[in-house]
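Engineer: Structure below; questions to follow.
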Amino acid sequence: MANSSITLTQLDFDSYKSSLKSYLNSQDRFKDYDFDGSNLSVLIDLLAYNTYQNAFYLNMVGNEMFLDSAKIRDSVVSHAKELNYLPRSYRSATAGIQLSITPTDSNKNSIVVPKGTTFVSRVDDFTYTFSTNENIVISNKNNQGVFTSNNITIYEGNYLSDTYSVNYANPLVYKITNQRVDLSSVEVIVFEDNGSTTQEYTRATSLFGHNSTSKVFFLQAARDGTYEVVFGDGVVGRKPLNNSVVVIEYRISNGELPNGAFRFINSGRIDNEANVAVTTVSAAIDGAVAETMESIKFNAPRAFTTQERAVTSEDYENLLKANYPEINAVVAYGGEEADPPQFGRIFLSIDLNDTDGLPRIKQTEYSRFLKTRSSVAIEPVFISPEYTYVYVNSRVKYNINLTLLNPEDIRSIIIDSILNYSSANLNNFSKTLRYSSLVKAIDNSDTSIISNETDVELVKYLTPVLATTATSALGVTSGALSNIVDTGAGGVDVGNQFIKVDFKVPLTLSPSILGDTHEAADAHAVRSSPFTYGGISGCIVEDDGAGVLRIVQPTGAEHRKIVDIGTVNYNTGLIQLNNFNITNFEGSAFKIYASARTKDITSKENVILNIIENDMNISIEQIRE
């Protein structure tokens, strides 16, 4: 007989116990029993405990069956393996050095720097070992007999190896035993015929182009954060001979800890030479730890959709983020979306962790990576990110009866709240500033805050070259930006005797056209920070409401026009300043402010929205309620 007294909708011990008691009470033979005061209470507790534990266990098992809900790393890795996704391993920091070696034998024609030659460096209180990953021959000898190398890349970490005997009667798992392996360093050598034959296997990332004789190996994730080597089955990929010996050599890394190391000392003799001078070309960068569970959950399904092919814009983004942990953010968009359109191109803008701009060596590395995965008809074009900042002007009221904090304390709390909002919701490509959420974050900063009136503007930072006229897009000897990047698709740049600043959002439309002299309080879509022009200090740039930019001089309660200086397109946010020749400006940078047409502001293309403390004006008013 079905029983409606059993409740199965909650994972709660008391609910189970109550449900069991209700069921027994509904039976004629137990209706007069006192379950709280009898020995049956112990039996009911036991049943409830058993039911609760089974339900909890099955719930956990159910969670681990799906990638989204799995909580154990091994479960997440197992699901990612089904999607043919290899989680990122530790990655060694790399640095650039140059060696100058004075040999003891002046007749030497070359010096060999063996693979694994070590160099040590310190970061904080810790010492790290860097080494070469290949044999390097130095033959550059000057008149003084000193051998000088080209730039040498050294990798943080020591080399280890694991050895296995092949026995197909009792198959083994060829496991890389150290969790801190850098997978890019893995090399596999197979010794066959009692060591008389050596087979070097290379890493393969797909099945394409391989046959039964291809000496390749594959890597896959294993349990406990390790990885394992997998050989071919004799149809795709050559199988090592039975009784052969497999040696897996690899480098282990300390992840991001050695980043920043810049002084290196050779810790051993090179080719029996003791007089070795090491010059640092570039400090250590790009060290990273293994991929987190959250990152695997995000990247695995997206990597599966790309199948190692870059076709759509999202494919380019997913491939780069999945393979390069130093990338903080990346955006890709087709050339047809550029202004003017550039068909046959895809624009890539990359923001690196702790690095301004995109170094040339990284651009070359990413281009090489994408070349084998993208269409030959599509040309990847790398452009630098553009940073558009948000100026926050907030007038906050708080009740002094609800807190012991003073106005400065309240201001600090509000600033922290705004910065937390920016960190969580902005500082990336294709992000939207939600005005209502920002206002709510300010209100929620402290329980004593009653209300706030907040205005936001967009800000671009420029660094003009003073007392010069903008004349060149290439020389940057102009009254424009000292950090100009020729994007090829709009942005902040200099060319054809003008400064171009593109906010890439529609700007607010002025209610009326302003005369040459007008009230200082009149609204503008565009304004600037003060500067000196023609010997007149305190000048600013503003629009007249009809799309013309001009330099004006604030005089009392009025603004008086000095000269027209450029134009603004209210629909696109493009600003152009012609022959902008100034002799000084206030602060560390010249700023141009713009009011967006809507309070919700979305960044697009290669623009990153962000809020920084320098762009906040928080005024505090005390009230009693």
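Following the order of the structure tokens, first chain is A, next is B, and so on, with residues numbered from 1 inside each chain and ligands from 1 in the order they appear.
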Extract the full set of strand (DSSP E or B) residues from stretch 398-599 of chain A according to DSSP on the backbone, and format it as a count of residues only.
Structural biologist: 78
Engineer: Neighbouring residues of A:Ala525 were defined as those with any atom within 8 Å, considering only C-alpha atoms; residues of the same chain fewer than 4 positions away were excluded. Please report them as a PyMOL selection string.
Structural biologist: chain A and resi 507-510+542-543+545+594-596
Engineer: Generate a file of the selected residues that holds N, CA and C atoms, formatted as a PDB file, in the first residue's frame.
Structural biologist:
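Listed below is the output, selection_21.pdb:
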```pdb
ATOM      1  N   LEU A 507      27.373  59.435 -27.464  1.00  0.00           N
ATOM      2  CA  LEU A 507      27.471  60.451 -26.420  1.00  0.00           C
ATOM      3  C   LEU A 507      26.161  61.220 -26.301  1.00  0.00           C
ATOM      4  N   THR A 508      25.959  61.828 -25.149  1.00  0.00           N
ATOM      5  CA  THR A 508      24.725  62.554 -24.896  1.00  0.00           C
ATOM      6  C   THR A 508      24.588  63.741 -25.843  1.00  0.00           C
ATOM      7  N   LEU A 509      23.373  64.029 -26.211  1.00  0.00           N
ATOM      8  CA  LEU A 509      23.088  65.150 -27.109  1.00  0.00           C
ATOM      9  C   LEU A 509      22.750  66.378 -26.278  1.00  0.00           C
ATOM     10  N   SER A 510      23.402  67.514 -26.605  1.00  0.00           N
ATOM     11  CA  SER A 510      23.156  68.742 -25.852  1.00  0.00           C
ATOM     12  C   SER A 510      21.777  69.295 -26.179  1.00  0.00           C
ATOM     13  N   GLU A 542      35.772  71.912 -24.788  1.00  0.00           N
ATOM     14  CA  GLU A 542      34.373  71.527 -24.619  1.00  0.00           C
ATOM     15  C   GLU A 542      33.693  71.559 -25.981  1.00  0.00           C
ATOM     16  N   ASP A 543      32.542  70.878 -26.086  1.00  0.00           N
ATOM     17  CA  ASP A 543      31.778  70.907 -27.334  1.00  0.00           C
ATOM     18  C   ASP A 543      30.715  71.988 -27.247  1.00  0.00           C
ATOM     19  N   GLY A 545      27.640  71.657 -28.611  1.00  0.00           N
ATOM     20  CA  GLY A 545      26.309  71.097 -28.801  1.00  0.00           C
ATOM     21  C   GLY A 545      25.978  70.808 -30.244  1.00  0.00           C
ATOM     22  N   ALA A 594      33.772  62.437 -21.305  1.00  0.00           N
ATOM     23  CA  ALA A 594      32.621  62.374 -22.209  1.00  0.00           C
ATOM     24  C   ALA A 594      31.446  61.752 -21.474  1.00  0.00           C
ATOM     25  N   SER A 595      30.260  62.283 -21.718  1.00  0.00           N
ATOM     26  CA  SER A 595      29.031  61.756 -21.110  1.00  0.00           C
ATOM     27  C   SER A 595      28.358  60.811 -22.086  1.00  0.00           C
ATOM     28  N   ALA A 596      28.176  59.555 -21.672  1.00  0.00           N
ATOM     29  CA  ALA A 596      27.517  58.572 -22.527  1.00  0.00           C
ATOM     30  C   ALA A 596      26.024  58.873 -22.606  1.00  0.00           C
TER      31      ALA A 596
END
```
Engineer: Point out the residue among A:Tyr250, A:Asp224, A:Tyr128, A:Ser206 with the least atom-to-atom distance to A:Ser184, counting only C-alpha atoms.
Structural biologist: A:Tyr250
Engineer: Mind checking which residues fall within 9 Å of A:Ala303, counting only C-alpha atoms, ignoring those fewer than 6 positions away in the same chain, and posting them as a PyMOL selection string?
Structural biologist: chain A and resi 83-85+315+318-319+322
Engineer: Show which residues sit within 9 Å of stretch 194-196 of chain A, as an MDAnalysis selection string. Count only C-alpha atoms, and ignore same-chain residues fewer than 5 positions away.
Structural biologist: chainID A and resid 243:245
